[in-house]
Structures are given as structure tokens and as C-alpha cells.
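A short worksheet on the structure shown next.
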Amino acid sequence: MKKISIFLLGISLAVFSCMDKKSKVGTTEVLTDTTSEESMANAKVAAEKSQPTDVYFKATGTEPFWSVTISEEMIKFKTPEDSVMTPHTTPARAQDSNVKRYTVQTESASMTIQIRQMECTNAMSGEVSPYTVELELKKGSASEYSSYKGCGAYVTDYRLHDIWVLESMNGIDVGREDFGKEVPSMEIKAAENTFMGNAGCNRMSGSLFFEKGLLRFTNIATTKMLCQSPNKENEFLSTLRAMTSYTVENNRLLLTNPNNQSLVFKKVD
């Protein structure tokens, strides 16, 4: 009888042990699945944040807080309580100053946005922006427009952010033999609107001036090294300063101006 009791006790302990292990395994599986789902969700959010956008202008204001974004397809105006979305439209341009005016009218709202190149300071953060923005909005059957003032900036094309090596200048292929040391190259930092690189002999650096459809290389500074002849560095720098527009295609950056001058750069890793 004693042996039978010991045998039954052993079986009971084995059963409880298996149940406990199964319970732990099941818990581990649930935790693993949850962790996996959270990881996937976090990865999705990170991927969405890293996706490029076609928004080319952003502005914000206070009292009340508001924001506006302008993309190739849509204009979006937001406040904490409301939002208005309208199709994109081509702005009217002033002839004697850098001022653009967007006028949009839909069944639900009428809106005008004036963007002036004039330094603007955010009343809350103190951040300085290069453009002053004035917006007027009338919704539905409202009899009067609501006015908003704030600051804004153009969003430099993310595709410019890379390292580029010169391939041709004014339609003629170039090589190392055309410059004192090496073929000109530059690294563009789109988020900072700056660039730096080599002009062929001397080091160079400067700023980008970007608006939709407009790109200029400004404040170009170089070192003062003596360069051997023949050397097309001065021609390259002069042409770079004269560029006003660009296209990015097939790993090439094409810079042009109305005088038919051009520079073609190749993207390098």
C-alpha cells in the first residue's frame, strides 16, 4: 500500500511539473508574439517617418496656433480645432520682389496665402525663418475672413542630399587633366542648406538658396592655394554661381540657367 501511494505521488508531481512547464511555455509564446507585434509596429512608424514627402513649403503661427503645408498636390491648413485641405494651385508672383500669392477657392472654403521673403521670428520659440506668411481663410457661408500671420521656410529637395562628382561643364566632358588636382566634387547637406567639397584644386564651401523650381549656390568660399595650369577651376566656380535650376534623374544632378550654361554631376556612394 505504501509503495502504491509513493507511485501515485510520483505521477502527480510529474503531471504538475508538465503543466507548469506548458504554462510557462505558453506565457513565453504570448510575450514573444506581443514583442514581435510591437517591434513590427515600431519599425512601421520609423519607416513612415523616413519616407520622403513632396511638401515643399511649411509655415506655422501662434495666437491661435496654426500650420500650413504646400505640396505638389495639396495645400493643408490646420488649427487645434479644425483643418482645411484644398488642391494645389500655381501662385501669382510679384514683379519687383520675392512675393508669392496662392489663391484657392472650393465649395467649402476660400483661402489666400502670401509668402514674402522677409526674415520672421516665431513669437513663442524665437526661431528665425526666412519667410513671412500671411493667410486669410473664409469657411462655408461665413461673411468675413479670419486672418493668420506666421513664419515659414521651403523644404529643400531631399534628393540633393548626396555626394556629387562633376562629369561635364557647358556640354563638354571633363577629367582630372582639366583641373589642378582632381575633378570637382561636392557633398550637399539638404537639411542644412550647405555644401562643401573640392573645386578642382582648392577646397570650397557655401550655402544653398532653395525654393520650388529654384536652386542657387551662394556664399561660395575657397582656400587660396596656387594651382598649376591648365586649370578650369575659375570657370567651374563662375558657372556654379550662375546656376538657377536643377533636375535629378538617373543618378545625375543637372544644373542649368537661362543662358544655357550647365553642370552635370554624377552621384557617388
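Letters A, B, ... mark the chains of the C-alpha cells in the order given; residue numbers begin at 1 per chain; ligand numbers begin at 1, in order shown.
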
*Can you pull out every residue within 12 Å of A:Val248, counting only C-alpha atoms, but drop anything in the same chain fewer than 6 positions away, and send it as a ChimeraX atom specification?*
/A:157-162,164,213,254-256,264-267

With N, CA and C atoms kept, could you save the residues just selected as a tab-separated table (two decimals), in the first residue's frame?
chain	number	residue	atom	x	y	z
A	157	ASP	N	14.77	69.95	-51.49
A	157	ASP	CA	14.58	68.63	-52.10
A	157	ASP	C	15.57	67.62	-51.50
A	158	TYR	N	15.03	66.57	-50.86
A	158	TYR	CA	15.85	65.56	-50.20
A	158	TYR	C	16.79	64.85	-51.18
A	159	ARG	N	16.45	64.83	-52.47
A	159	ARG	CA	17.26	64.12	-53.45
A	159	ARG	C	18.62	64.78	-53.68
A	160	LEU	N	18.73	66.04	-53.29
A	160	LEU	CA	20.01	66.74	-53.44
A	160	LEU	C	21.03	66.28	-52.42
A	161	HIS	N	20.55	65.69	-51.34
A	161	HIS	CA	21.43	65.29	-50.23
A	161	HIS	C	22.29	64.09	-50.64
A	162	ASP	N	23.50	64.36	-51.08
A	162	ASP	CA	24.39	63.28	-51.52
A	162	ASP	C	25.76	63.85	-51.87
A	164	TRP	N	28.40	64.40	-55.01
A	164	TRP	CA	28.31	64.52	-56.45
A	164	TRP	C	29.68	64.86	-57.04
A	213	GLY	N	11.49	74.89	-57.65
A	213	GLY	CA	11.93	75.18	-59.00
A	213	GLY	C	13.16	76.06	-59.09
A	254	LEU	N	21.66	67.72	-62.75
A	254	LEU	CA	21.86	68.67	-63.84
A	254	LEU	C	21.53	70.07	-63.35
A	255	LEU	N	22.51	70.96	-63.41
A	255	LEU	CA	22.30	72.37	-63.05
A	255	LEU	C	22.31	73.19	-64.33
A	256	THR	N	21.37	74.13	-64.44
A	256	THR	CA	21.26	74.95	-65.64
A	256	THR	C	20.90	76.39	-65.27
A	264	VAL	N	26.89	69.05	-65.06
A	264	VAL	CA	26.31	67.73	-64.81
A	264	VAL	C	27.19	67.00	-63.81
A	265	PHE	N	26.57	66.54	-62.71
A	265	PHE	CA	27.29	65.80	-61.68
A	265	PHE	C	26.75	64.37	-61.61
A	266	LYS	N	27.61	63.46	-61.26
A	266	LYS	CA	27.21	62.06	-61.06
A	266	LYS	C	27.22	61.75	-59.57
A	267	LYS	N	26.17	61.05	-59.13
A	267	LYS	CA	26.09	60.62	-57.73
A	267	LYS	C	27.10	59.53	-57.45

*Any idea what's packed within 9 Å of A:Thr90, counting only C-alpha atoms, ignoring anything in its chain fewer than 3 positions away? Could you give it as number ranges by chain?*
A: 101-103

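From atom CA of A:Ser207 back to atom CA of A:Asn257, the distance works out to 17.9 Å.
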
*Shell around A:Lys100 at 6 Å using only C-alpha atoms, local window under 5 positions removed, as number ranges by chain*: A: 91-93, 114-115

*Contacts of A:Thr121 at 12 Å or less, counting only C-alpha atoms, minus same-chain residues fewer than 5 places along, as a list in words?*
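Surrounding residues, per the criterion: Ala59, Thr60, Gly61, Thr62, Gly126, Glu127, Val128, Ser129, Pro130, Tyr131, Thr132, Val133, Lys149, Gly150, Cys151, Gly152 and Ala153 of chain A.
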
*Mind pulling up the distance from atom CA of A:Glu192 to atom CA of A:Gln117?*
18.3 Å

*Measuring atom to atom with only C-alpha atoms, identify which of A:Ala94, A:Lys138, A:Ile220, A:Tyr154 is nearest to A:Thr69.*
A:Tyr154

*Enumerate the residues of stretch 75-212 of chain A with a DSSP assignment of helix (DSSP H, G or I), computed from the backbone, and present them as a ChimeraX atom specification.*
/A:158-160,176-178

Take the residues just selected and output them with C-alpha atoms as a JSON list (two decimals), in the first residue's frame.
[["chain", "number", "residue", "atom", "x", "y", "z"],
["A", 158, "TYR", "CA", 15.85, 65.56, -50.20],
["A", 159, "ARG", "CA", 17.26, 64.12, -53.45],
["A", 160, "LEU", "CA", 20.01, 66.74, -53.44],
["A", 176, "ARG", "CA", 41.34, 65.30, -63.92],
["A", 177, "GLU", "CA", 43.63, 66.78, -66.57],
["A", 178, "ASP", "CA", 41.34, 69.85, -66.74]]

*Figure out the distance between atom CA of A:Ser229 and atom CA of A:Ser185, please, to one decimal in Å.*
19.2 Å

*Find the residues near A:Thr244: any atom within 12 Å, counting only C-alpha atoms, skip ones fewer than 3 places away on the same chain, and give them as a ChimeraX atom specification.*
/A:208-218,239-241,247,254-263

_With distances taken over only C-alpha atoms, which residue among A:Ala190, A:Tyr148, A:Thr223, A:Glu119 lies nearest A:Phe65?_
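For A:Phe65, the nearest of the given residues is A:Tyr148.
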
*Nearest candidate to A:Ala191 (options A:Val55, A:Val155, A:Ile172, A:Val84; using only C-alpha atoms)*: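 Nearest to A:Ala191: A:Val155.
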
*Restricting the calculation to only C-alpha atoms, which member of A:Asp54, A:Glu187, A:Ala109, A:Ser168 is positioned closest to A:Thr156?*
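Checking each of A:Asp54, A:Glu187, A:Ala109, A:Ser168 against A:Thr156, counting only C-alpha atoms, the winner is A:Asp54.
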